[in-house]
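See below for my_file10.cif, which holds mmCIF, C-alpha atoms and all ligand atoms; chains and numbers go by the auth columns.
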```
data_target
loop_
_atom_site.group_PDB
_atom_site.id
_atom_site.type_symbol
_atom_site.label_atom_id
_atom_site.label_comp_id
_atom_site.label_asym_id
_atom_site.label_seq_id
_atom_site.Cartn_x
_atom_site.Cartn_y
_atom_site.Cartn_z
_atom_site.B_iso_or_equiv
_atom_site.auth_seq_id
_atom_site.auth_asym_id
ATOM 1 C CA MET A 1 -23.461 -93.277 -2.672 0.00 1 A
ATOM 2 C CA ALA A 2 -20.013 -91.757 -3.006 0.00 2 A
ATOM 3 C CA TYR A 3 -18.962 -95.039 -4.573 0.00 3 A
ATOM 4 C CA LEU A 4 -21.706 -94.774 -7.196 0.00 4 A
ATOM 5 C CA ILE A 5 -20.717 -91.228 -8.103 0.00 5 A
ATOM 6 C CA ASP A 6 -17.074 -92.229 -8.382 0.00 6 A
ATOM 7 C CA VAL A 7 -17.932 -94.875 -10.920 0.00 7 A
ATOM 8 C CA LEU A 8 -19.936 -92.358 -12.958 0.00 8 A
ATOM 9 C CA VAL A 9 -17.031 -89.948 -12.949 0.00 9 A
ATOM 10 C CA TYR A 10 -14.694 -92.666 -14.149 0.00 10 A
ATOM 11 C CA ILE A 11 -17.007 -93.481 -17.030 0.00 11 A
ATOM 12 C CA SER A 12 -16.994 -89.870 -18.122 0.00 12 A
ATOM 13 C CA GLY A 13 -13.251 -89.569 -17.588 0.00 13 A
ATOM 14 C CA PHE A 14 -12.052 -90.944 -20.920 0.00 14 A
ATOM 15 C CA PHE A 15 -11.240 -94.271 -19.272 0.00 15 A
ATOM 16 C CA ILE A 16 -7.960 -92.975 -17.891 0.00 16 A
ATOM 17 C CA ILE A 17 -8.700 -94.863 -14.701 0.00 17 A
ATOM 18 C CA THR A 18 -9.326 -98.553 -14.941 0.00 18 A
ATOM 19 C CA ILE A 19 -12.811 -99.422 -13.738 0.00 19 A
ATOM 20 C CA THR A 20 -12.516 -102.304 -11.367 0.00 20 A
ATOM 21 C CA ALA A 21 -16.162 -102.359 -10.281 0.00 21 A
ATOM 22 C CA ASN A 22 -18.857 -103.330 -12.719 0.00 22 A
ATOM 23 C CA PHE A 23 -21.357 -100.484 -12.680 0.00 23 A
ATOM 24 C CA ASN A 24 -24.238 -102.903 -13.145 0.00 24 A
ATOM 25 C CA ASP A 25 -23.251 -104.698 -9.960 0.00 25 A
ATOM 26 C CA VAL A 26 -23.368 -101.412 -8.063 0.00 26 A
ATOM 27 C CA LEU A 27 -26.611 -100.112 -9.522 0.00 27 A
ATOM 28 C CA TRP A 28 -28.626 -103.301 -9.177 0.00 28 A
ATOM 29 C CA ASN A 29 -27.273 -104.636 -5.890 0.00 29 A
ATOM 30 C CA GLY A 30 -30.491 -103.672 -4.093 0.00 30 A
ATOM 31 C CA ASP A 31 -29.109 -100.549 -2.434 0.00 31 A
ATOM 32 C CA TYR A 32 -30.645 -98.071 -4.886 0.00 32 A
ATOM 33 C CA GLU A 33 -34.076 -97.090 -6.076 0.00 33 A
ATOM 34 C CA PHE A 34 -35.195 -95.097 -9.109 0.00 34 A
ATOM 35 C CA ILE A 35 -37.548 -92.144 -8.638 0.00 35 A
ATOM 36 C CA ASP A 36 -39.309 -90.649 -11.656 0.00 36 A
ATOM 37 C CA LEU A 37 -39.363 -86.847 -11.470 0.00 37 A
ATOM 38 C CA THR A 38 -41.217 -86.520 -14.783 0.00 38 A
ATOM 39 C CA TYR A 39 -44.852 -85.710 -15.518 0.00 39 A
ATOM 40 C CA PRO A 40 -46.492 -87.801 -18.226 0.00 40 A
ATOM 41 C CA PHE A 41 -47.064 -86.140 -21.596 0.00 41 A
ATOM 42 C CA ASP A 42 -50.763 -86.143 -22.455 0.00 42 A
ATOM 43 C CA ASN A 43 -53.534 -83.673 -23.174 0.00 43 A
ATOM 44 C CA SER A 44 -53.278 -82.226 -19.665 0.00 44 A
ATOM 45 C CA THR A 45 -49.596 -81.300 -20.026 0.00 45 A
ATOM 46 C CA ILE A 46 -48.975 -77.622 -19.287 0.00 46 A
ATOM 47 C CA TYR A 47 -47.400 -75.512 -22.066 0.00 47 A
ATOM 48 C CA TRP A 48 -46.778 -71.825 -22.441 0.00 48 A
ATOM 49 C CA MET A 49 -49.662 -70.037 -24.124 0.00 49 A
ATOM 50 C CA ASN A 50 -47.968 -69.456 -27.478 0.00 50 A
ATOM 51 C CA SER A 51 -46.567 -72.955 -27.664 0.00 51 A
ATOM 52 C CA LEU A 52 -47.999 -75.970 -29.455 0.00 52 A
ATOM 53 C CA GLN A 53 -49.813 -78.074 -26.856 0.00 53 A
ATOM 54 C CA PHE A 54 -49.079 -81.793 -26.779 0.00 54 A
ATOM 55 C CA MET A 55 -50.849 -83.384 -29.739 0.00 55 A
ATOM 56 C CA PHE A 56 -51.294 -87.117 -29.746 0.00 56 A
ATOM 57 C CA ASN A 57 -53.026 -88.711 -32.669 0.00 57 A
ATOM 58 C CA ASN A 58 -54.099 -92.305 -32.500 0.00 58 A
ATOM 59 C CA LYS A 59 -53.244 -93.356 -35.990 0.00 59 A
ATOM 60 C CA VAL A 60 -53.550 -97.093 -35.739 0.00 60 A
ATOM 61 C CA ALA A 61 -54.617 -99.398 -32.932 0.00 61 A
ATOM 62 C CA GLY A 62 -56.268 -102.678 -33.577 0.00 62 A
ATOM 63 C CA PHE A 63 -56.167 -106.314 -34.451 0.00 63 A
ATOM 64 C CA GLN A 64 -55.131 -107.053 -38.000 0.00 64 A
ATOM 65 C CA ASP A 65 -56.771 -109.560 -40.317 0.00 65 A
ATOM 66 C CA ASP A 66 -54.355 -112.220 -39.156 0.00 66 A
ATOM 67 C CA GLY A 67 -55.280 -111.632 -35.501 0.00 67 A
ATOM 68 C CA SER A 68 -52.064 -109.902 -34.559 0.00 68 A
ATOM 69 C CA TRP A 69 -52.080 -106.544 -32.768 0.00 69 A
ATOM 70 C CA PHE A 70 -50.582 -103.389 -34.201 0.00 70 A
ATOM 71 C CA ALA A 71 -50.614 -99.860 -32.771 0.00 71 A
ATOM 72 C CA MET A 72 -48.781 -96.659 -33.708 0.00 72 A
ATOM 73 C CA ASN A 73 -49.309 -92.950 -32.943 0.00 73 A
ATOM 74 C CA ASP A 74 -47.987 -89.567 -33.978 0.00 74 A
ATOM 75 C CA PHE A 75 -47.218 -86.801 -31.553 0.00 75 A
ATOM 76 C CA ALA A 76 -46.266 -83.152 -31.873 0.00 76 A
ATOM 77 C CA ALA A 77 -45.511 -80.583 -29.205 0.00 77 A
ATOM 78 C CA GLY A 78 -43.739 -77.361 -28.402 0.00 78 A
ATOM 79 C CA GLU A 79 -40.309 -77.644 -26.829 0.00 79 A
ATOM 80 C CA HIS A 80 -41.289 -75.877 -23.612 0.00 80 A
ATOM 81 C CA GLY A 81 -44.000 -77.812 -21.861 0.00 81 A
ATOM 82 C CA GLY A 82 -44.358 -80.485 -19.231 0.00 82 A
ATOM 83 C CA THR A 83 -41.135 -81.655 -17.638 0.00 83 A
ATOM 84 C CA HIS A 84 -38.591 -80.187 -20.025 0.00 84 A
ATOM 85 C CA MET A 85 -35.154 -78.696 -20.416 0.00 85 A
ATOM 86 C CA ASP A 86 -34.195 -75.183 -21.498 0.00 86 A
ATOM 87 C CA ALA A 87 -30.925 -75.122 -23.416 0.00 87 A
ATOM 88 C CA PRO A 88 -28.669 -72.074 -22.952 0.00 88 A
ATOM 89 C CA TYR A 89 -29.529 -71.133 -26.571 0.00 89 A
ATOM 90 C CA HIS A 90 -33.071 -70.385 -25.360 0.00 90 A
ATOM 91 C CA PHE A 91 -31.778 -67.043 -24.010 0.00 91 A
ATOM 92 C CA LYS A 92 -28.217 -66.765 -25.364 0.00 92 A
ATOM 93 C CA ALA A 93 -27.517 -66.399 -29.075 0.00 93 A
ATOM 94 C CA ASP A 94 -24.307 -68.435 -29.001 0.00 94 A
ATOM 95 C CA GLY A 95 -25.397 -70.749 -26.199 0.00 95 A
ATOM 96 C CA LYS A 96 -25.533 -74.509 -26.564 0.00 96 A
ATOM 97 C CA HIS A 97 -28.494 -76.160 -28.264 0.00 97 A
ATOM 98 C CA ILE A 98 -30.126 -79.143 -26.590 0.00 98 A
ATOM 99 C CA GLY A 99 -28.284 -81.546 -28.875 0.00 99 A
ATOM 100 C CA ASP A 100 -24.897 -80.091 -27.913 0.00 100 A
ATOM 101 C CA ILE A 101 -25.141 -80.460 -24.135 0.00 101 A
ATOM 102 C CA PRO A 102 -22.586 -83.130 -23.195 0.00 102 A
ATOM 103 C CA LEU A 103 -23.567 -86.234 -21.248 0.00 103 A
ATOM 104 C CA GLU A 104 -21.109 -85.220 -18.544 0.00 104 A
ATOM 105 C CA LYS A 105 -23.610 -82.537 -17.577 0.00 105 A
ATOM 106 C CA LEU A 106 -26.628 -84.811 -17.798 0.00 106 A
ATOM 107 C CA ILE A 107 -25.649 -87.539 -15.338 0.00 107 A
ATOM 108 C CA VAL A 108 -24.688 -85.682 -12.180 0.00 108 A
ATOM 109 C CA PRO A 109 -25.347 -85.507 -8.434 0.00 109 A
ATOM 110 C CA LEU A 110 -28.796 -84.154 -7.569 0.00 110 A
ATOM 111 C CA ILE A 111 -29.392 -81.647 -4.797 0.00 111 A
ATOM 112 C CA ILE A 112 -32.918 -80.766 -3.732 0.00 112 A
ATOM 113 C CA VAL A 113 -33.308 -77.451 -1.935 0.00 113 A
ATOM 114 C CA ASP A 114 -36.676 -77.636 -0.237 0.00 114 A
ATOM 115 C CA VAL A 115 -37.973 -74.136 0.452 0.00 115 A
ATOM 116 C CA SER A 116 -41.638 -75.145 0.395 0.00 116 A
ATOM 117 C CA SER A 117 -42.174 -74.265 4.056 0.00 117 A
ATOM 118 C CA LYS A 118 -40.948 -70.729 3.349 0.00 118 A
ATOM 119 C CA VAL A 119 -43.118 -70.447 0.243 0.00 119 A
ATOM 120 C CA ASN A 120 -46.149 -71.592 2.226 0.00 120 A
ATOM 121 C CA GLU A 121 -48.243 -71.738 -0.976 0.00 121 A
ATOM 122 C CA ASP A 122 -47.751 -68.022 -1.678 0.00 122 A
ATOM 123 C CA PRO A 123 -47.874 -67.624 -5.503 0.00 123 A
ATOM 124 C CA ASN A 124 -45.957 -64.342 -5.243 0.00 124 A
ATOM 125 C CA PHE A 125 -43.106 -65.765 -3.180 0.00 125 A
ATOM 126 C CA GLU A 126 -39.634 -64.683 -4.279 0.00 126 A
ATOM 127 C CA LEU A 127 -36.667 -66.718 -3.087 0.00 127 A
ATOM 128 C CA ASN A 128 -34.013 -64.384 -1.719 0.00 128 A
ATOM 129 C CA MET A 129 -30.580 -64.857 -0.261 0.00 129 A
ATOM 130 C CA HIS A 130 -31.842 -64.730 3.314 0.00 130 A
ATOM 131 C CA ASP A 131 -34.089 -67.731 2.590 0.00 131 A
ATOM 132 C CA LEU A 132 -31.067 -69.892 1.832 0.00 132 A
ATOM 133 C CA ASP A 133 -28.580 -71.297 4.279 0.00 133 A
ATOM 134 C CA TYR A 134 -25.635 -73.672 4.190 0.00 134 A
ATOM 135 C CA ARG A 135 -27.508 -76.187 2.086 0.00 135 A
ATOM 136 C CA LEU A 136 -26.200 -75.057 -1.265 0.00 136 A
ATOM 137 C CA ASN A 137 -22.580 -75.256 -0.144 0.00 137 A
ATOM 138 C CA ASP A 138 -22.356 -78.943 0.603 0.00 138 A
ATOM 139 C CA ASN A 139 -21.645 -80.079 -2.940 0.00 139 A
ATOM 140 C CA MET A 140 -19.048 -77.513 -3.866 0.00 140 A
ATOM 141 C CA GLY A 141 -16.568 -78.793 -6.353 0.00 141 A
ATOM 142 C CA LYS A 142 -18.705 -81.539 -7.839 0.00 142 A
ATOM 143 C CA PRO A 143 -20.893 -80.976 -10.877 0.00 143 A
ATOM 144 C CA CYS A 144 -24.516 -81.063 -9.847 0.00 144 A
ATOM 145 C CA LEU A 145 -28.114 -80.254 -10.650 0.00 145 A
ATOM 146 C CA ILE A 146 -29.826 -78.130 -8.020 0.00 146 A
ATOM 147 C CA VAL A 147 -33.603 -78.425 -7.902 0.00 147 A
ATOM 148 C CA PHE A 148 -35.580 -75.888 -5.919 0.00 148 A
ATOM 149 C CA LYS A 149 -38.712 -77.333 -4.376 0.00 149 A
ATOM 150 C CA TYR A 150 -41.340 -74.640 -3.906 0.00 150 A
ATOM 151 C CA GLY A 151 -44.045 -77.185 -3.082 0.00 151 A
ATOM 152 C CA TRP A 152 -45.882 -76.484 -6.329 0.00 152 A
ATOM 153 C CA SER A 153 -46.314 -80.027 -7.668 0.00 153 A
ATOM 154 C CA LYS A 154 -49.457 -80.419 -5.585 0.00 154 A
ATOM 155 C CA PHE A 155 -51.196 -77.987 -7.958 0.00 155 A
ATOM 156 C CA ILE A 156 -50.237 -79.698 -11.222 0.00 156 A
ATOM 157 C CA ASN A 157 -53.778 -80.922 -11.885 0.00 157 A
ATOM 158 C CA ASP A 158 -55.192 -77.399 -11.641 0.00 158 A
ATOM 159 C CA LYS A 159 -53.582 -75.378 -14.434 0.00 159 A
ATOM 160 C CA THR A 160 -55.093 -72.086 -13.282 0.00 160 A
ATOM 161 C CA LYS A 161 -53.693 -72.543 -9.803 0.00 161 A
ATOM 162 C CA TYR A 162 -50.372 -74.016 -10.931 0.00 162 A
ATOM 163 C CA LEU A 163 -49.637 -71.050 -13.196 0.00 163 A
ATOM 164 C CA GLY A 164 -51.467 -68.547 -11.016 0.00 164 A
ATOM 165 C CA MET A 165 -53.345 -67.350 -14.072 0.00 165 A
ATOM 166 C CA THR A 166 -55.252 -64.107 -13.904 0.00 166 A
ATOM 167 C CA LYS A 167 -57.970 -62.804 -16.200 0.00 167 A
ATOM 168 C CA ASN A 168 -55.335 -60.806 -18.115 0.00 168 A
ATOM 169 C CA ASN A 169 -53.328 -63.982 -18.785 0.00 169 A
ATOM 170 C CA THR A 170 -50.559 -63.007 -16.420 0.00 170 A
ATOM 171 C CA PHE A 171 -48.974 -65.599 -14.164 0.00 171 A
ATOM 172 C CA ASN A 172 -48.195 -65.807 -10.477 0.00 172 A
ATOM 173 C CA PHE A 173 -46.072 -68.615 -9.110 0.00 173 A
ATOM 174 C CA PRO A 174 -42.925 -68.693 -6.959 0.00 174 A
ATOM 175 C CA GLY A 175 -39.444 -68.081 -8.305 0.00 175 A
ATOM 176 C CA MET A 176 -36.005 -66.907 -7.334 0.00 176 A
ATOM 177 C CA SER A 177 -34.541 -63.427 -7.302 0.00 177 A
ATOM 178 C CA GLU A 178 -31.849 -62.313 -9.723 0.00 178 A
ATOM 179 C CA GLU A 179 -29.523 -62.059 -6.745 0.00 179 A
ATOM 180 C CA VAL A 180 -29.897 -65.773 -5.972 0.00 180 A
ATOM 181 C CA ALA A 181 -29.304 -66.665 -9.630 0.00 181 A
ATOM 182 C CA GLU A 182 -26.204 -64.453 -9.780 0.00 182 A
ATOM 183 C CA TRP A 183 -24.923 -65.973 -6.553 0.00 183 A
ATOM 184 C CA ILE A 184 -25.291 -69.522 -7.886 0.00 184 A
ATOM 185 C CA THR A 185 -23.498 -68.780 -11.153 0.00 185 A
ATOM 186 C CA SER A 186 -20.702 -66.789 -9.525 0.00 186 A
ATOM 187 C CA SER A 187 -20.110 -68.762 -6.314 0.00 187 A
ATOM 188 C CA HIS A 188 -21.086 -72.280 -7.348 0.00 188 A
ATOM 189 C CA LYS A 189 -19.435 -72.826 -10.706 0.00 189 A
ATOM 190 C CA ASN A 190 -19.812 -76.582 -10.319 0.00 190 A
ATOM 191 C CA VAL A 191 -23.575 -76.279 -10.816 0.00 191 A
ATOM 192 C CA VAL A 192 -24.468 -77.376 -14.359 0.00 192 A
ATOM 193 C CA GLY A 193 -28.234 -76.936 -14.227 0.00 193 A
ATOM 194 C CA ILE A 194 -31.119 -75.557 -12.188 0.00 194 A
ATOM 195 C CA GLY A 195 -34.455 -77.272 -11.715 0.00 195 A
ATOM 196 C CA VAL A 196 -37.771 -76.043 -10.321 0.00 196 A
ATOM 197 C CA ASP A 197 -41.136 -77.637 -9.524 0.00 197 A
ATOM 198 C CA THR A 198 -42.870 -74.737 -11.271 0.00 198 A
ATOM 199 C CA ALA A 199 -43.263 -73.797 -14.932 0.00 199 A
ATOM 200 C CA SER A 200 -40.258 -71.437 -15.000 0.00 200 A
ATOM 201 C CA VAL A 201 -37.017 -70.669 -13.168 0.00 201 A
ATOM 202 C CA ASP A 202 -38.241 -67.058 -13.194 0.00 202 A
ATOM 203 C CA LYS A 203 -41.153 -66.231 -10.961 0.00 203 A
ATOM 204 C CA GLY A 204 -44.473 -66.266 -12.766 0.00 204 A
ATOM 205 C CA SER A 205 -44.871 -62.500 -12.754 0.00 205 A
ATOM 206 C CA ALA A 206 -41.495 -61.914 -14.478 0.00 206 A
ATOM 207 C CA THR A 207 -41.969 -60.693 -18.020 0.00 207 A
ATOM 208 C CA ASP A 208 -38.361 -60.176 -19.132 0.00 208 A
ATOM 209 C CA PHE A 209 -37.010 -63.472 -17.742 0.00 209 A
ATOM 210 C CA PRO A 210 -33.916 -62.136 -15.931 0.00 210 A
ATOM 211 C CA VAL A 211 -33.142 -65.431 -14.171 0.00 211 A
ATOM 212 C CA HIS A 212 -33.321 -67.346 -17.464 0.00 212 A
ATOM 213 C CA LYS A 213 -30.815 -64.877 -18.924 0.00 213 A
ATOM 214 C CA ILE A 214 -28.413 -65.171 -15.997 0.00 214 A
ATOM 215 C CA PHE A 215 -28.346 -68.964 -16.189 0.00 215 A
ATOM 216 C CA ALA A 216 -28.120 -69.023 -19.997 0.00 216 A
ATOM 217 C CA ASN A 217 -25.227 -66.562 -19.967 0.00 217 A
ATOM 218 C CA ALA A 218 -23.425 -68.798 -17.484 0.00 218 A
ATOM 219 C CA GLY A 219 -23.982 -71.848 -19.726 0.00 219 A
ATOM 220 C CA LEU A 220 -26.438 -73.570 -17.383 0.00 220 A
ATOM 221 C CA PHE A 221 -29.499 -75.460 -18.537 0.00 221 A
ATOM 222 C CA ASN A 222 -32.847 -75.312 -16.736 0.00 222 A
ATOM 223 C CA VAL A 223 -35.258 -78.094 -15.903 0.00 223 A
ATOM 224 C CA GLU A 224 -38.813 -76.893 -15.439 0.00 224 A
ATOM 225 C CA ASN A 225 -41.954 -78.606 -14.165 0.00 225 A
ATOM 226 C CA VAL A 226 -39.993 -81.127 -12.116 0.00 226 A
ATOM 227 C CA LYS A 227 -42.391 -83.615 -10.529 0.00 227 A
ATOM 228 C CA LEU A 228 -41.726 -83.409 -6.805 0.00 228 A
ATOM 229 C CA ASP A 229 -44.930 -84.729 -5.320 0.00 229 A
ATOM 230 C CA LEU A 230 -43.145 -87.582 -3.555 0.00 230 A
ATOM 231 C CA PRO A 231 -40.290 -87.301 -1.075 0.00 231 A
ATOM 232 C CA VAL A 232 -36.824 -87.324 -2.625 0.00 232 A
ATOM 233 C CA PRO A 233 -33.662 -87.242 -0.492 0.00 233 A
ATOM 234 C CA GLU A 234 -32.122 -83.784 -0.587 0.00 234 A
ATOM 235 C CA TYR A 235 -28.635 -85.276 -0.973 0.00 235 A
ATOM 236 C CA GLY A 236 -27.126 -88.509 -2.171 0.00 236 A
ATOM 237 C CA CYS A 237 -29.113 -89.095 -5.365 0.00 237 A
ATOM 238 C CA THR A 238 -27.798 -89.073 -8.902 0.00 238 A
ATOM 239 C CA ALA A 239 -29.857 -87.312 -11.564 0.00 239 A
ATOM 240 C CA LEU A 240 -30.348 -88.715 -15.041 0.00 240 A
ATOM 241 C CA ILE A 241 -31.367 -85.641 -17.024 0.00 241 A
ATOM 242 C CA LEU A 242 -32.106 -86.970 -20.471 0.00 242 A
ATOM 243 C CA PRO A 243 -33.870 -84.631 -22.913 0.00 243 A
ATOM 244 C CA MET A 244 -35.048 -85.699 -26.327 0.00 244 A
ATOM 245 C CA LYS A 245 -31.977 -84.992 -28.458 0.00 245 A
ATOM 246 C CA ILE A 246 -33.432 -82.267 -30.661 0.00 246 A
ATOM 247 C CA ALA A 247 -30.265 -81.208 -32.461 0.00 247 A
ATOM 248 C CA MET A 248 -31.021 -77.499 -32.741 0.00 248 A
ATOM 249 C CA GLY A 249 -33.510 -77.378 -29.878 0.00 249 A
ATOM 250 C CA THR A 250 -33.953 -74.402 -27.565 0.00 250 A
ATOM 251 C CA GLY A 251 -35.592 -76.884 -25.241 0.00 251 A
ATOM 252 C CA ALA A 252 -36.925 -80.415 -25.245 0.00 252 A
ATOM 253 C CA PRO A 253 -39.179 -82.852 -23.411 0.00 253 A
ATOM 254 C CA LEU A 254 -37.155 -84.506 -20.713 0.00 254 A
ATOM 255 C CA ARG A 255 -37.127 -87.718 -18.732 0.00 255 A
ATOM 256 C CA LEU A 256 -35.745 -86.867 -15.319 0.00 256 A
ATOM 257 C CA VAL A 257 -34.894 -89.720 -12.976 0.00 257 A
ATOM 258 C CA ALA A 258 -33.237 -89.747 -9.574 0.00 258 A
ATOM 259 C CA ILE A 259 -31.176 -92.769 -8.558 0.00 259 A
ATOM 260 C CA CYS A 260 -31.237 -92.730 -4.762 0.00 260 A
ATOM 261 C CA PRO A 261 -30.000 -94.876 -1.907 0.00 261 A
ATOM 262 C CA LYS A 262 -32.913 -97.093 -0.956 0.00 262 A
ATOM 263 C CA ARG A 263 -34.666 -95.751 2.105 0.00 263 A
ATOM 264 C CA THR A 264 -35.649 -97.955 4.967 0.00 264 A
ATOM 265 C CA SER A 265 -38.705 -96.678 6.732 0.00 265 A
HETATM 266 ZN ZN ZN B . -38.583 -73.843 -20.967 0.00 301 B
#
```
Whole structure given in structure tokens:
Amino acid sequence: MAYLIDVLVYISGFFIITITANFNDVLWNGDYEFIDLTYPFDNSTIYWMNSLQFMFNNKVAGFQDDGSWFAMNDFAAGEHGGTHMDAPYHFKADGKHIGDIPLEKLIVPLIIVDVSSKVNEDPNFELNMHDLDYRLNDNMGKPCLIVFKYGWSKFINDKTKYLGMTKNNTFNFPGMSEEVAEWITSSHKNVVGIGVDTASVDKGSATDFPVHKIFANAGLFNVENVKLDLPVPEYGCTALILPMKIAMGTGAPLRLVAICPKRTS
């Protein structure tokens, strides 16, 4: 896998170093598999309350007079729903918009931090420093996306449970403390983005979004509603984090893919 990452770095390195290996030969030599970490966008996609839900209009679908098939739809949606990215501009006035985030930050090593056994399905779980161990330190120096796995993907088909909705329209789902967010941005400056398998990097009960603000101020993007219902290696995968390039976007629908060494079971 180190070889694969090296090739990616060379591609992003202004071609100072001559690439001797053909990247296609590496990627399709049978040693890697692609894992989709993205939920489909449809009428069950989860959006924030004040956001436009995914609208999908079947405009045309049918056989034409000459017997040929033609189909075409329109869609519309808020930026912040389903598997999506938050740009720093979401919570920082002079932060980057979605369209300004460079590719060098969107094709990076992926680290999964699985804390689901600590969460134990508690919707009020807060991730604190004492819940974390050496795991975050192993990729120091390399740009990376860290995705926290709270074990919440199993609830995606039950919106009430997934968001922990109460009668007053408040939310309860796991999230990290401000201390953890501060620690990541101050001690792990190689981290370019933070992902979660919940609807927000802040815990559901947070109303002033402190963790969002910490990451935005540090120039990090967030990836929310990561689909983690299947096992993904905690290390050794490369993340393709490709949002729809909405030029001035505060966020955008995202296709998130992990390229991982093929597992033999
Ligand atoms: Zn968002």
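What the PyMOL selection byres (((chain A and resi 170) around 12) and not hetatm) grabs from this file is A:Trp48, A:Met49, A:Thr160, A:Leu163, A:Gly164, A:Met165, A:Thr166, A:Lys167, A:Asn168, A:Asn169, A:Phe171, A:Asn172, A:Phe173, A:Lys203, A:Gly204, A:Ser205, A:Ala206, A:Thr207.
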Could you please determine the separation between atom CA of Ser117 of chain A and atom CA of Gly81 of chain A in Å, to one decimal place?
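About the pair atom CA of Ser117 of chain A and atom CA of Gly81 of chain A: they are 26.2 Å apart.
Here atom CA of Phe221 of chain A is placed at a distance of 14.0 Å from atom CA of Lys245 of chain A.
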For Glu79 of chain A, list every protein, DNA or RNA residue within 9 Å, evaluated using all atoms listed in the file, and leave out those in the same chain fewer than 3 positions away; present the list as a ChimeraX atom specification.
/A:47,51-52,84-86,249-253
Within 12 Å of Val115 of chain A, counting all atoms listed in the file, which residues show up once you throw out same-chain ones fewer than 5 positions away? Write them as a PDB file with C-alpha atoms, keeping the file's coordinate frame, please.
```
ATOM      1  CA  ASN A 120     -46.149 -71.592   2.226  1.00  0.00           C
ATOM      2  CA  GLU A 121     -48.243 -71.738  -0.976  1.00  0.00           C
ATOM      3  CA  ASP A 122     -47.751 -68.022  -1.678  1.00  0.00           C
ATOM      4  CA  PHE A 125     -43.106 -65.765  -3.180  1.00  0.00           C
ATOM      5  CA  GLU A 126     -39.634 -64.683  -4.279  1.00  0.00           C
ATOM      6  CA  LEU A 127     -36.667 -66.718  -3.087  1.00  0.00           C
ATOM      7  CA  ASN A 128     -34.013 -64.384  -1.719  1.00  0.00           C
ATOM      8  CA  MET A 129     -30.580 -64.857  -0.261  1.00  0.00           C
ATOM      9  CA  HIS A 130     -31.842 -64.730   3.314  1.00  0.00           C
ATOM     10  CA  ASP A 131     -34.089 -67.731   2.590  1.00  0.00           C
ATOM     11  CA  LEU A 132     -31.067 -69.892   1.832  1.00  0.00           C
ATOM     12  CA  ASP A 133     -28.580 -71.297   4.279  1.00  0.00           C
ATOM     13  CA  ARG A 135     -27.508 -76.187   2.086  1.00  0.00           C
ATOM     14  CA  LEU A 136     -26.200 -75.057  -1.265  1.00  0.00           C
ATOM     15  CA  VAL A 147     -33.603 -78.425  -7.902  1.00  0.00           C
ATOM     16  CA  PHE A 148     -35.580 -75.888  -5.919  1.00  0.00           C
ATOM     17  CA  LYS A 149     -38.712 -77.333  -4.376  1.00  0.00           C
ATOM     18  CA  TYR A 150     -41.340 -74.640  -3.906  1.00  0.00           C
ATOM     19  CA  GLY A 151     -44.045 -77.185  -3.082  1.00  0.00           C
ATOM     20  CA  TRP A 152     -45.882 -76.484  -6.329  1.00  0.00           C
ATOM     21  CA  PRO A 174     -42.925 -68.693  -6.959  1.00  0.00           C
ATOM     22  CA  GLY A 175     -39.444 -68.081  -8.305  1.00  0.00           C
ATOM     23  CA  MET A 176     -36.005 -66.907  -7.334  1.00  0.00           C
ATOM     24  CA  VAL A 196     -37.771 -76.043 -10.321  1.00  0.00           C
ATOM     25  CA  ASP A 197     -41.136 -77.637  -9.524  1.00  0.00           C
ATOM     26  CA  GLU A 234     -32.122 -83.784  -0.587  1.00  0.00           C
TER      27      GLU A 234
END
```
May I ask for the distance between atom CA of Asp74 of chain A and atom CA of Ile46 of chain A, given in Å to one decimal place?
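Calculated distance between atom CA of Asp74 of chain A and atom CA of Ile46 of chain A is 19.0 Å.
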Can you turn the PyMOL selection byres (((chain A and resi 230) around 12) and not hetatm) into a concrete residue list for this file, as a PyMOL selection string?
chain A and resi 35-38+149+151-154+197+226-229+231-233+258
Give the answer as one residue: which of A:Pro210, A:Pro88, A:Gly219, A:Pro109 has the shortest atom-to-atom distance to Thr185 of chain A, using all atoms listed in the file?
A:Gly219
What's the 8 Å shell around Lys59 of chain A, counting only C-alpha atoms, without same-chain residues fewer than 3 positions away, as JSON, numbers by chain?
{"A": [71, 72, 73, 74]}
Excluding Ala239 of chain A and any residue of its chain fewer than 3 positions from it, enumerate the residues within 10 Å of it, using only C-alpha atoms, and give them as a ChimeraX atom specification.
/A:34-35,37,105-111,144-146,236,242,256-260
All residues 9 Å or closer to Val201 of chain A, only C-alpha atoms, same chain fewer than 6 positions away omitted, as a PyMOL selection string:
chain A and resi 174-176+194-195+209+211-212+222-224
Set up a box along x, y and z of the file covering all listed atoms of segment 167-170 of chain A, add 6 Å on every one of the six sides, and write the centre and edge lengths in Å to one decimal, as lines of an AutoDock Vina configuration file.
```
center_x = -54.3
center_y = -62.4
center_z = -17.5
size_x = 19.4
size_y = 15.2
size_z = 14.6
```
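Nearest to Ile241 of chain A of all the residues A:Ala77, A:Ile101, A:Ala181, A:Val119 is A:Ile101, based on all atoms listed in the file.
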Quick one: of A:Asn217, A:Asn124, A:Thr238, A:Asn29, who's nearest to Phe91 of chain A, counting only C-alpha atoms?
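Among the listed residues, the smallest separation from Phe91 of chain A belongs to A:Asn217.
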For Gly193 of chain A, the nearest of the candidates A:Pro143, A:Phe41, A:Val26, A:Phe75, counting all atoms listed in the file:
A:Pro143
Have a look at A:Tyr89, A:Tyr32, A:Tyr235, A:Trp69 and name the one nearest to ligand ZN 301 (chain B); count all atoms listed in the file.
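Closest to ligand ZN 301 (chain B) of all the choices is A:Tyr89.
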For this structure, which residues satisfy the selection - the PyMOL selection byres (((chain A and resi 45) around 9) and not hetatm) - when it is evaluated on the file as given? I want them as a PyMOL selection string.
chain A and resi 39-44+46-47+53-54+81-83+156
Could you extract segment 124-128 of chain A of the given structure into a file holding C-alpha atoms, as a tab-separated table (two decimals), in the first residue's frame?
```
chain	number	residue	atom	x	y	z
A	124	ASN	CA	-25.53	10.49	24.25
A	125	PHE	CA	-21.99	9.15	24.00
A	126	GLU	CA	-19.27	11.81	23.89
A	127	LEU	CA	-15.84	10.81	22.63
A	128	ASN	CA	-13.20	12.07	25.04
```
